[in-house]
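**Student:** Structure file structure-v6.txt, compact mmCIF, C-alpha atoms, is pasted below:
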```
# COMPACT_ATOMS: atom_id res chain seq x y z
CA MET A 23 -5.64 -8.92 1.26
CA ALA A 24 -4.83 -6.03 3.49
CA PRO A 25 -7.98 -4.82 5.21
CA GLU A 26 -9.34 -1.83 6.88
CA ALA A 27 -8.21 1.58 5.82
CA GLU A 28 -10.29 4.64 6.50
CA THR A 29 -10.95 7.62 4.28
CA ASP A 30 -8.69 9.78 6.37
CA PRO A 31 -8.00 12.71 5.31
CA VAL A 32 -8.50 9.70 3.26
CA ALA A 33 -5.62 -0.76 11.22
CA GLN A 34 6.87 -9.66 18.15
CA THR A 35 9.89 -7.76 18.30
CA ASN A 36 11.43 -5.52 20.91
CA LEU A 37 10.47 -1.91 20.35
CA SER A 38 11.31 1.14 22.42
CA SER A 39 8.86 3.99 22.87
CA SER A 40 11.12 6.19 20.79
CA ASP A 41 10.72 3.80 17.85
CA LEU A 42 6.99 4.38 17.68
CA THR A 43 6.60 8.11 17.46
CA PRO A 44 4.17 8.69 14.58
CA THR A 45 1.00 10.42 15.73
CA ALA A 46 -1.41 12.82 14.11
CA SER A 47 1.62 14.96 13.28
CA SER A 48 3.62 12.13 11.71
CA PRO A 49 6.11 12.84 8.89
CA SER A 50 4.92 13.09 5.32
CA THR A 51 4.46 9.79 3.53
CA PRO A 52 7.34 8.39 1.52
CA SER A 53 7.52 9.13 -2.16
CA PHE A 54 7.68 6.32 -4.71
CA THR A 55 9.37 6.44 -8.09
CA PRO A 56 8.17 3.58 -10.30
CA SER A 57 10.79 1.58 -12.13
CA PRO A 58 10.21 -0.23 -15.44
CA SER A 59 9.54 -3.40 -13.45
CA ASP A 60 6.73 -1.76 -11.47
CA LEU A 61 4.09 -3.35 -13.63
CA ALA A 62 3.38 -6.64 -12.11
CA LEU A 63 2.81 -8.38 -7.78
CA PHE A 64 0.63 -10.21 -4.69
CA SER A 65 -1.12 -12.74 -2.61
CA HIS A 66 -4.55 -12.52 -1.06
CA SER A 67 -3.29 -13.89 2.24
CA ALA A 68 -4.03 -10.53 3.78
CA PRO A 69 -7.58 -9.21 3.68
CA SER A 70 -7.89 -6.03 1.68
CA ALA A 71 -8.71 -2.83 3.50
CA PRO A 72 -12.45 -3.10 3.60
CA SER A 73 -15.10 -0.66 2.44
CA LEU A 74 -17.46 -1.00 5.37
CA PRO A 75 -21.06 0.17 5.71
CA VAL A 76 -21.46 3.64 7.17
CA ALA A 77 -21.65 3.60 10.96
CA PRO A 78 -22.04 6.34 13.55
CA ARG A 79 -18.62 7.85 14.20
CA ALA A 80 -17.16 7.39 17.65
CA PRO A 81 -16.44 10.43 19.80
CA TRP A 82 -12.84 11.62 19.54
CA THR A 83 -10.91 9.37 21.89
CA PRO A 84 -7.29 9.40 23.10
CA THR A 85 -5.54 6.30 21.79
CA THR A 86 -2.23 4.49 22.12
CA THR A 87 -0.45 2.58 19.33
CA ARG A 88 1.78 -0.25 20.55
CA LEU A 89 3.09 -3.71 19.77
CA ALA A 90 0.51 -6.39 20.46
CA ARG A 91 0.76 -8.62 23.51
CA PRO A 92 -0.50 -12.21 23.97
CA ALA A 93 -3.43 -10.86 25.97
CA ASP A 94 -4.65 -9.01 22.86
CA ALA A 95 -5.36 -12.22 20.90
CA VAL A 96 -9.10 -12.42 21.57
CA ALA A 97 -9.67 -8.72 20.88
CA ILE A 98 -7.68 -8.87 17.64
CA ALA A 99 -9.59 -11.95 16.51
CA ALA A 100 -12.97 -10.39 17.27
CA LEU A 101 -12.15 -7.16 15.45
CA GLY A 102 -10.62 -8.99 12.49
CA ALA A 103 -13.67 -11.26 12.13
CA ALA A 104 -16.10 -8.35 12.34
CA VAL A 105 -14.26 -6.24 9.77
CA PHE A 106 -13.66 -9.12 7.35
CA LYS A 107 -17.29 -10.25 7.53
CA ALA A 108 -18.66 -6.74 7.04
CA THR A 109 -16.42 -6.26 4.01
CA PHE A 110 -16.68 -9.60 2.22
CA ALA A 111 -19.90 -11.30 3.35
CA HIS A 112 -21.65 -10.24 0.16
CA THR A 113 -18.97 -11.87 -2.01
CA CYS A 114 -19.32 -15.46 -0.82
CA SER A 115 -21.68 -17.97 0.77
CA GLY A 116 -22.35 -18.02 4.51
CA ALA A 117 -20.63 -21.39 4.78
CA ASP A 118 -17.50 -20.11 3.02
CA MET A 119 -17.40 -17.06 5.28
CA ARG A 120 -17.76 -19.14 8.45
CA ALA A 121 -15.00 -21.47 7.32
CA TYR A 122 -12.63 -18.58 6.58
CA LEU A 123 -13.30 -16.87 9.91
CA SER A 124 -12.81 -20.13 11.81
CA ALA A 125 -9.48 -20.70 10.08
CA ASN A 126 -8.17 -17.16 10.47
CA PHE A 127 -9.89 -15.21 13.24
CA THR A 128 -10.20 -17.12 16.49
CA GLY A 129 -8.41 -16.33 19.72
CA GLU A 130 -6.41 -19.55 19.37
CA VAL A 131 -5.29 -18.77 15.81
CA ILE A 132 -4.22 -15.21 16.65
CA ALA A 133 -2.51 -16.34 19.86
CA ALA A 134 -0.43 -18.80 17.83
CA GLU A 135 0.48 -16.06 15.35
CA LEU A 136 1.49 -13.72 18.17
CA ALA A 137 3.70 -16.45 19.61
CA GLY A 138 5.34 -17.19 16.27
CA THR A 139 8.36 -15.54 14.68
CA ASP A 140 7.10 -14.62 11.21
CA LYS A 141 4.55 -11.94 12.15
CA THR A 142 4.50 -8.68 14.06
CA PHE A 143 1.20 -7.17 15.21
CA LEU A 144 0.53 -3.60 16.29
CA VAL A 145 -2.68 -2.46 17.93
CA VAL A 146 -4.42 0.85 18.52
CA GLN A 147 -6.06 0.91 21.93
CA THR A 148 -8.34 3.46 23.52
CA GLU A 149 -7.42 4.81 26.91
CA ALA A 150 -9.91 3.21 29.26
CA GLU A 151 -10.51 6.14 31.55
CA THR A 152 -11.19 8.65 28.75
CA GLU A 153 -12.77 6.56 26.00
CA ASN A 154 -16.05 8.51 26.10
CA GLU A 155 -14.55 11.93 26.68
CA THR A 156 -13.59 14.56 24.14
CA ARG A 157 -10.27 13.78 22.43
CA THR A 158 -7.33 15.84 23.61
CA GLU A 159 -4.36 14.01 22.12
CA THR A 160 -3.13 10.74 20.64
CA ARG A 161 0.00 9.07 21.95
CA THR A 162 2.10 6.24 20.61
CA THR A 163 4.14 4.17 23.05
CA ALA A 164 5.66 0.73 23.25
CA THR A 165 3.73 -0.39 26.32
CA GLY A 166 0.38 1.29 25.93
CA THR A 167 0.34 2.36 29.59
CA GLU A 168 1.98 5.79 29.51
CA ASN A 169 -0.52 8.26 31.02
CA GLY A 170 -3.27 5.78 30.22
CA GLN A 171 -4.75 2.48 31.26
CA PRO A 172 -3.90 -0.91 29.74
CA GLY A 173 -7.59 -1.88 29.86
CA GLY A 174 -8.76 0.20 26.91
CA ARG A 175 -10.45 -1.27 23.85
CA VAL A 176 -8.53 -2.44 20.76
CA VAL A 177 -10.04 -0.47 17.87
CA ALA A 178 -7.48 -1.22 15.14
CA PHE A 179 -4.60 -3.54 14.39
CA SER A 180 -2.02 -4.25 11.72
CA ALA A 181 0.09 -7.31 10.93
CA LEU A 182 3.43 -7.54 9.17
CA ARG A 183 4.43 -10.94 7.77
CA ARG A 184 7.97 -11.89 6.85
CA GLY A 185 9.07 -14.42 4.26
CA THR A 186 6.28 -13.97 1.69
CA THR A 187 6.72 -12.89 -1.90
CA GLU A 188 5.29 -13.14 -5.41
CA PRO A 189 6.98 -13.60 -8.81
CA CYS A 190 6.26 -9.99 -9.69
CA LEU A 191 8.19 -8.87 -6.61
CA ALA A 192 11.47 -10.30 -7.84
CA ALA A 193 12.89 -6.82 -8.51
CA TYR A 194 12.30 -5.67 -4.92
CA GLY A 195 14.68 -6.45 -2.08
CA GLY A 196 14.10 -6.49 1.66
CA LEU A 197 10.41 -7.30 1.38
CA VAL A 198 7.88 -7.52 4.18
CA GLU A 199 4.16 -8.04 3.67
CA LEU A 200 1.56 -5.72 5.18
CA GLN A 201 -0.88 -8.55 5.71
CA ARG A 202 -3.58 -6.73 7.61
CA VAL A 203 -4.76 -3.26 8.54
CA TYR A 204 -8.15 -3.36 10.29
CA VAL A 205 -9.98 -0.42 11.87
CA ASP A 206 -13.25 -0.53 13.78
CA ASN A 207 -15.91 0.96 11.52
CA VAL A 208 -16.96 3.64 14.00
CA PHE A 209 -13.41 5.03 14.01
CA HIS A 210 -13.30 5.72 10.27
CA GLY A 211 -12.25 9.28 9.55
CA SER A 212 -10.46 9.62 12.89
CA GLY A 213 -6.93 9.37 11.47
CA ILE A 214 -6.31 6.04 13.18
CA ALA A 215 -5.63 4.10 9.98
CA ARG A 216 -2.92 6.49 8.86
CA ARG A 217 -1.27 6.69 12.27
CA LEU A 218 -1.33 2.91 12.54
CA LEU A 219 0.23 2.58 9.09
CA ASP A 220 2.89 5.16 10.06
CA ALA A 221 3.81 3.14 13.15
CA THR A 222 3.76 -0.12 11.19
CA CYS A 223 6.18 1.27 8.61
CA VAL A 224 8.45 2.50 11.42
CA GLU A 225 8.56 -1.05 12.80
CA ALA A 226 9.22 -2.50 9.33
CA ARG A 227 12.14 -0.14 8.80
CA ARG A 228 13.46 -0.84 12.29
CA ALA A 229 13.48 -4.54 11.42
CA GLY A 230 15.64 -3.81 8.37
CA HIS A 231 13.10 -4.12 5.54
CA ALA A 232 13.42 -1.97 2.43
CA HIS A 233 10.02 -2.48 0.78
CA VAL A 234 6.53 -3.21 2.06
CA TRP A 235 3.90 -4.90 -0.12
CA LEU A 236 0.25 -5.80 0.23
CA GLY A 237 -2.74 -7.19 -1.63
CA VAL A 238 -6.02 -5.31 -1.81
CA TRP A 239 -9.27 -6.63 -3.28
CA GLU A 240 -9.77 -5.13 -6.75
CA GLY A 241 -13.34 -4.13 -5.86
CA ASN A 242 -12.26 -2.07 -2.86
CA ASP A 243 -11.70 1.31 -4.49
CA ARG A 244 -11.71 3.10 -1.16
CA ALA A 245 -8.83 1.06 0.22
CA ARG A 246 -6.88 1.24 -3.04
CA ARG A 247 -7.13 5.05 -3.05
CA PHE A 248 -6.00 5.16 0.59
CA TYR A 249 -2.90 3.08 -0.15
CA GLU A 250 -2.12 5.04 -3.32
CA LYS A 251 -2.31 8.29 -1.38
CA TYR A 252 0.04 6.85 1.21
CA GLY A 253 2.64 5.98 -1.44
CA PHE A 254 1.87 2.43 -2.62
CA ARG A 255 1.77 1.63 -6.33
CA THR A 256 0.00 -1.25 -8.06
CA VAL A 257 2.40 -3.64 -9.77
CA GLY A 258 0.37 -6.77 -10.40
CA SER A 259 -2.48 -8.99 -9.26
CA HIS A 260 -3.12 -12.33 -7.64
CA ASP A 261 -6.08 -14.74 -7.59
CA PHE A 262 -7.56 -15.57 -4.21
CA TRP A 263 -10.18 -18.17 -3.41
CA LEU A 264 -12.59 -17.26 -0.63
CA GLY A 265 -14.15 -20.67 -0.32
CA THR A 266 -15.64 -21.34 -3.74
CA ASP A 267 -15.56 -17.69 -4.81
CA LEU A 268 -12.64 -16.55 -6.97
CA GLN A 269 -11.48 -13.01 -6.15
CA VAL A 270 -8.62 -10.90 -7.44
CA ASP A 271 -6.25 -8.84 -5.31
CA LEU A 272 -4.19 -5.99 -6.68
CA ILE A 273 -0.58 -6.18 -5.52
CA MET A 274 0.87 -2.90 -4.29
CA VAL A 275 4.38 -2.02 -3.13
CA MET A 276 6.14 0.93 -1.50
CA PRO A 277 9.75 1.64 -0.51
CA LEU A 278 10.35 2.19 3.20
```
Can you turn what I pasted into structure tokens?

**Tutor:**
Amino acid sequence: MAPEAETDPVAQTNLSSSDLTPTASSPSTPSFTPSPSDLALFSHSAPSAPSLPVAPRAPWTPTTTRLARPADAVAIAALGAAVFKATFAHTCSGADMRAYLSANFTGEVIAAELAGTDKTFLVVQTEAETENETRTETRTTATGTENGQPGGRVVAFSALRRGTTEPCLAAYGGLVELQRVYVDNVFHGSGIARRLLDATCVEARRAGHAHVWLGVWEGNDRARRFYEKYGFRTVGSHDFWLGTDLQVDLIMVMPL
């Protein structure tokens, strides 16, 4: 499932700062022309962009989007666990939820994924010295330190995973999976999810991929609408067991 997407106006490889340029004024989203085979694809390995409870919105805050570093592991795990639990706790038992979080969202698990070769993480980080001030601009850099401090808070992250596919994706070449897009609930409506997805697609294209795919929980209408607006199209579905609870993800795909 691919997780958190906001209702805006509905969040390791080497990357230069010029490769991550999407900000609030990023280019229009790619168009998608369905082919006859666009009727069936996905796995629930990525959490679907969650429909979280309403929370007070954070003040506008300058942020930086960058590739994740090993030091981000604990922050990514904490945010991922919080978002996943808020989204799916009502769909399974407490024991099943605890088991899933322990297997997927601990600092050790994320650190191992960051050190591996099959995933690329991006994070959105607030600028420490201005987090509580009125927003003036949003920057995207490779290091996260340009005109800002590296000590800001991680408020969103995404994860690309290479080497995954589904039978219904056979007609698509150059695939990469958008496994996760998580955004702190208080930053919904800030534009962070879209900017993070822009930067993630830039990285996917830079790595030579031609199509990006994801799985989103069928009950998450908010996330599905966000992805459709961005350019993804549903082409299939996939069963996913969250402990003893059977769930269904819709498989969506988009050309890069």

**Student:** To one decimal place in Å, what is the distance between atom CA of Val131 of chain A and atom CA of Leu219 of chain A?

**Tutor:**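 Distance reported for this atom pair: 23.1 Å.
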
**Student:** Tell me, in Å to one decimal, how far atom CA of Arg244 of chain A is from atom CA of Ala90 of chain A.

**Tutor:**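 Atom CA of Ala90 of chain A lies at a distance of 26.6 Å from atom CA of Arg244 of chain A.
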
**Student:** Grab the atom CA of Ala245 of chain A to atom CA of Val270 of chain A distance for me, in Å with one decimal place.

**Tutor:**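 Interatomic distance here is 14.2 Å.
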
**Student:** Rank nothing, just name the residue among A:Gly174, A:Gly129, A:Gly258, A:Gly253 nearest to Leu191 of chain A, using all atoms listed in the file.

**Tutor:**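 Residue with the minimum atom-to-atom distance to Leu191 of chain A: A:Gly258.
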
**Student:** Report as JSON, numbers by chain all protein, DNA and RNA residues lying within 6 Å of segment 223-236 of chain A, evaluated on only C-alpha atoms, omitting residues in the same chain fewer than 3 positions from it.

**Tutor:** {"A": [196, 197, 198, 199, 200, 220, 273, 274, 275, 276, 277, 278]}

**Student:** Quick one: of A:Val238, A:Ala121, A:Ala193, A:Leu136, who's nearest to Phe262 of chain A, counting all atoms listed in the file?

**Tutor:**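 Comparing A:Val238, A:Ala121, A:Ala193, A:Leu136 against Phe262 of chain A, the winner is A:Val238.
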
**Student:** Grab segment 99-219 of chain A from that structure and dump C-alpha atoms to a file, as an mmCIF file, in the first residue's frame.

**Tutor:**
```cif
data_model
loop_
_atom_site.group_PDB
_atom_site.id
_atom_site.type_symbol
_atom_site.label_atom_id
_atom_site.label_comp_id
_atom_site.auth_asym_id
_atom_site.auth_seq_id
_atom_site.Cartn_x
_atom_site.Cartn_y
_atom_site.Cartn_z
ATOM 1 C CA ALA A 99 10.152 4.755 11.463
ATOM 2 C CA ALA A 100 8.287 6.873 14.003
ATOM 3 C CA LEU A 101 6.366 8.792 11.347
ATOM 4 C CA GLY A 102 5.600 5.650 9.355
ATOM 5 C CA ALA A 103 4.279 3.834 12.442
ATOM 6 C CA ALA A 104 2.117 6.775 13.489
ATOM 7 C CA VAL A 105 0.587 7.249 10.039
ATOM 8 C CA PHE A 106 0.014 3.538 9.427
ATOM 9 C CA LYS A 107 -1.595 3.039 12.838
ATOM 10 C CA ALA A 108 -3.851 6.076 12.478
ATOM 11 C CA THR A 109 -4.994 4.853 9.069
ATOM 12 C CA PHE A 110 -5.448 1.121 9.605
ATOM 13 C CA ALA A 111 -5.918 0.509 13.338
ATOM 14 C CA HIS A 112 -9.671 0.188 12.873
ATOM 15 C CA THR A 113 -9.240 -2.550 10.255
ATOM 16 C CA CYS A 114 -7.411 -5.134 12.365
ATOM 17 C CA SER A 115 -6.795 -6.344 15.905
ATOM 18 C CA GLY A 116 -4.346 -4.605 18.228
ATOM 19 C CA ALA A 117 -2.090 -7.651 18.149
ATOM 20 C CA ASP A 118 -2.006 -7.686 14.345
ATOM 21 C CA MET A 119 -1.205 -3.980 14.258
ATOM 22 C CA ARG A 120 1.626 -4.318 16.778
ATOM 23 C CA ALA A 121 3.099 -7.210 14.828
ATOM 24 C CA TYR A 122 3.005 -5.277 11.551
ATOM 25 C CA LEU A 123 4.589 -2.172 13.065
ATOM 26 C CA SER A 124 7.328 -4.232 14.716
ATOM 27 C CA ALA A 125 8.129 -5.914 11.407
ATOM 28 C CA ASN A 126 8.070 -2.760 9.289
ATOM 29 C CA PHE A 127 8.545 0.421 11.309
ATOM 30 C CA THR A 128 11.409 0.260 13.767
ATOM 31 C CA GLY A 129 14.628 2.227 13.566
ATOM 32 C CA GLU A 130 16.535 -0.999 12.923
ATOM 33 C CA VAL A 131 14.255 -2.069 10.058
ATOM 34 C CA ILE A 132 14.384 1.327 8.334
ATOM 35 C CA ALA A 133 18.151 1.594 8.873
ATOM 36 C CA ALA A 134 18.601 -1.737 7.095
ATOM 37 C CA GLU A 135 16.395 -0.567 4.226
ATOM 38 C CA LEU A 136 18.367 2.674 3.918
ATOM 39 C CA ALA A 137 21.582 0.666 3.777
ATOM 40 C CA GLY A 138 20.245 -1.705 1.133
ATOM 41 C CA THR A 139 20.273 -1.323 -2.639
ATOM 42 C CA ASP A 140 16.643 -1.958 -3.585
ATOM 43 C CA LYS A 141 15.035 1.132 -2.022
ATOM 44 C CA THR A 142 15.423 4.887 -2.224
ATOM 45 C CA PHE A 143 13.908 7.130 0.451
ATOM 46 C CA LEU A 144 13.215 10.849 0.246
ATOM 47 C CA VAL A 145 12.231 12.980 3.220
ATOM 48 C CA VAL A 146 10.633 16.366 3.737
ATOM 49 C CA GLN A 147 12.231 18.164 6.656
ATOM 50 C CA THR A 148 11.311 21.409 8.351
ATOM 51 C CA GLU A 149 13.966 24.044 8.740
ATOM 52 C CA ALA A 150 14.800 23.995 12.427
ATOM 53 C CA GLU A 151 15.262 27.696 12.959
ATOM 54 C CA THR A 152 11.967 28.700 11.304
ATOM 55 C CA GLU A 153 9.638 25.785 12.018
ATOM 56 C CA ASN A 154 7.211 27.928 14.023
ATOM 57 C CA GLU A 155 7.434 31.036 11.887
ATOM 58 C CA THR A 156 5.255 32.084 8.986
ATOM 59 C CA ARG A 157 6.132 30.233 5.766
ATOM 60 C CA THR A 158 8.070 32.245 3.233
ATOM 61 C CA GLU A 159 9.233 29.609 0.766
ATOM 62 C CA THR A 160 9.864 25.907 0.224
ATOM 63 C CA ARG A 161 13.184 24.670 -1.100
ATOM 64 C CA THR A 162 14.280 21.314 -2.438
ATOM 65 C CA THR A 163 17.941 20.372 -2.209
ATOM 66 C CA ALA A 164 20.053 17.254 -2.126
ATOM 67 C CA THR A 165 21.603 17.889 1.281
ATOM 68 C CA GLY A 166 18.850 19.583 3.209
ATOM 69 C CA THR A 167 21.243 22.207 4.599
ATOM 70 C CA GLU A 168 21.046 25.005 2.029
ATOM 71 C CA ASN A 169 19.966 28.162 3.900
ATOM 72 C CA GLY A 170 18.560 25.930 6.611
ATOM 73 C CA GLN A 171 19.525 23.661 9.456
ATOM 74 C CA PRO A 172 19.940 19.881 9.245
ATOM 75 C CA GLY A 173 18.198 19.508 12.620
ATOM 76 C CA GLY A 174 14.641 20.132 11.440
ATOM 77 C CA ARG A 175 11.824 17.630 11.880
ATOM 78 C CA VAL A 176 10.977 14.964 9.279
ATOM 79 C CA VAL A 177 7.309 15.554 8.431
ATOM 80 C CA ALA A 178 6.966 13.347 5.337
ATOM 81 C CA PHE A 179 8.796 10.625 3.470
ATOM 82 C CA SER A 180 8.500 8.475 0.377
ATOM 83 C CA ALA A 181 10.083 5.175 -0.628
ATOM 84 C CA LEU A 182 10.769 3.778 -4.079
ATOM 85 C CA ARG A 183 11.354 0.030 -4.348
ATOM 86 C CA ARG A 184 13.008 -1.643 -7.312
ATOM 87 C CA GLY A 185 12.485 -5.190 -8.533
ATOM 88 C CA THR A 186 8.799 -5.644 -7.655
ATOM 89 C CA THR A 187 6.008 -6.383 -10.093
ATOM 90 C CA GLU A 188 2.617 -8.035 -10.506
ATOM 91 C CA PRO A 189 1.177 -10.198 -13.316
ATOM 92 C CA CYS A 190 -1.034 -7.327 -14.424
ATOM 93 C CA LEU A 191 2.047 -5.157 -14.920
ATOM 94 C CA ALA A 192 3.466 -7.361 -17.650
ATOM 95 C CA ALA A 193 2.689 -4.770 -20.335
ATOM 96 C CA TYR A 194 4.689 -2.042 -18.571
ATOM 97 C CA GLY A 195 8.451 -1.705 -18.868
ATOM 98 C CA GLY A 196 10.945 0.035 -16.618
ATOM 99 C CA LEU A 197 8.859 -0.382 -13.482
ATOM 100 C CA VAL A 198 9.570 0.999 -10.038
ATOM 101 C CA GLU A 199 7.197 0.740 -7.090
ATOM 102 C CA LEU A 200 6.108 3.774 -5.095
ATOM 103 C CA GLN A 201 5.985 1.807 -1.883
ATOM 104 C CA ARG A 202 5.279 4.591 0.565
ATOM 105 C CA VAL A 203 4.207 8.214 0.737
ATOM 106 C CA TYR A 204 3.601 9.323 4.341
ATOM 107 C CA VAL A 205 2.810 12.847 5.530
ATOM 108 C CA ASP A 206 2.393 14.009 9.113
ATOM 109 C CA ASN A 207 -1.317 14.592 9.672
ATOM 110 C CA VAL A 208 -0.900 18.213 10.743
ATOM 111 C CA PHE A 209 0.718 19.034 7.398
ATOM 112 C CA HIS A 210 -2.245 17.920 5.299
ATOM 113 C CA GLY A 211 -3.302 20.603 2.858
ATOM 114 C CA SER A 212 0.141 22.226 2.870
ATOM 115 C CA GLY A 213 1.191 20.950 -0.564
ATOM 116 C CA ILE A 214 3.884 18.723 0.918
ATOM 117 C CA ALA A 215 2.473 15.462 -0.466
ATOM 118 C CA ARG A 216 2.446 16.748 -4.024
ATOM 119 C CA ARG A 217 5.910 18.290 -3.812
ATOM 120 C CA LEU A 218 7.263 15.084 -2.309
ATOM 121 C CA LEU A 219 5.676 13.041 -5.087
#
```
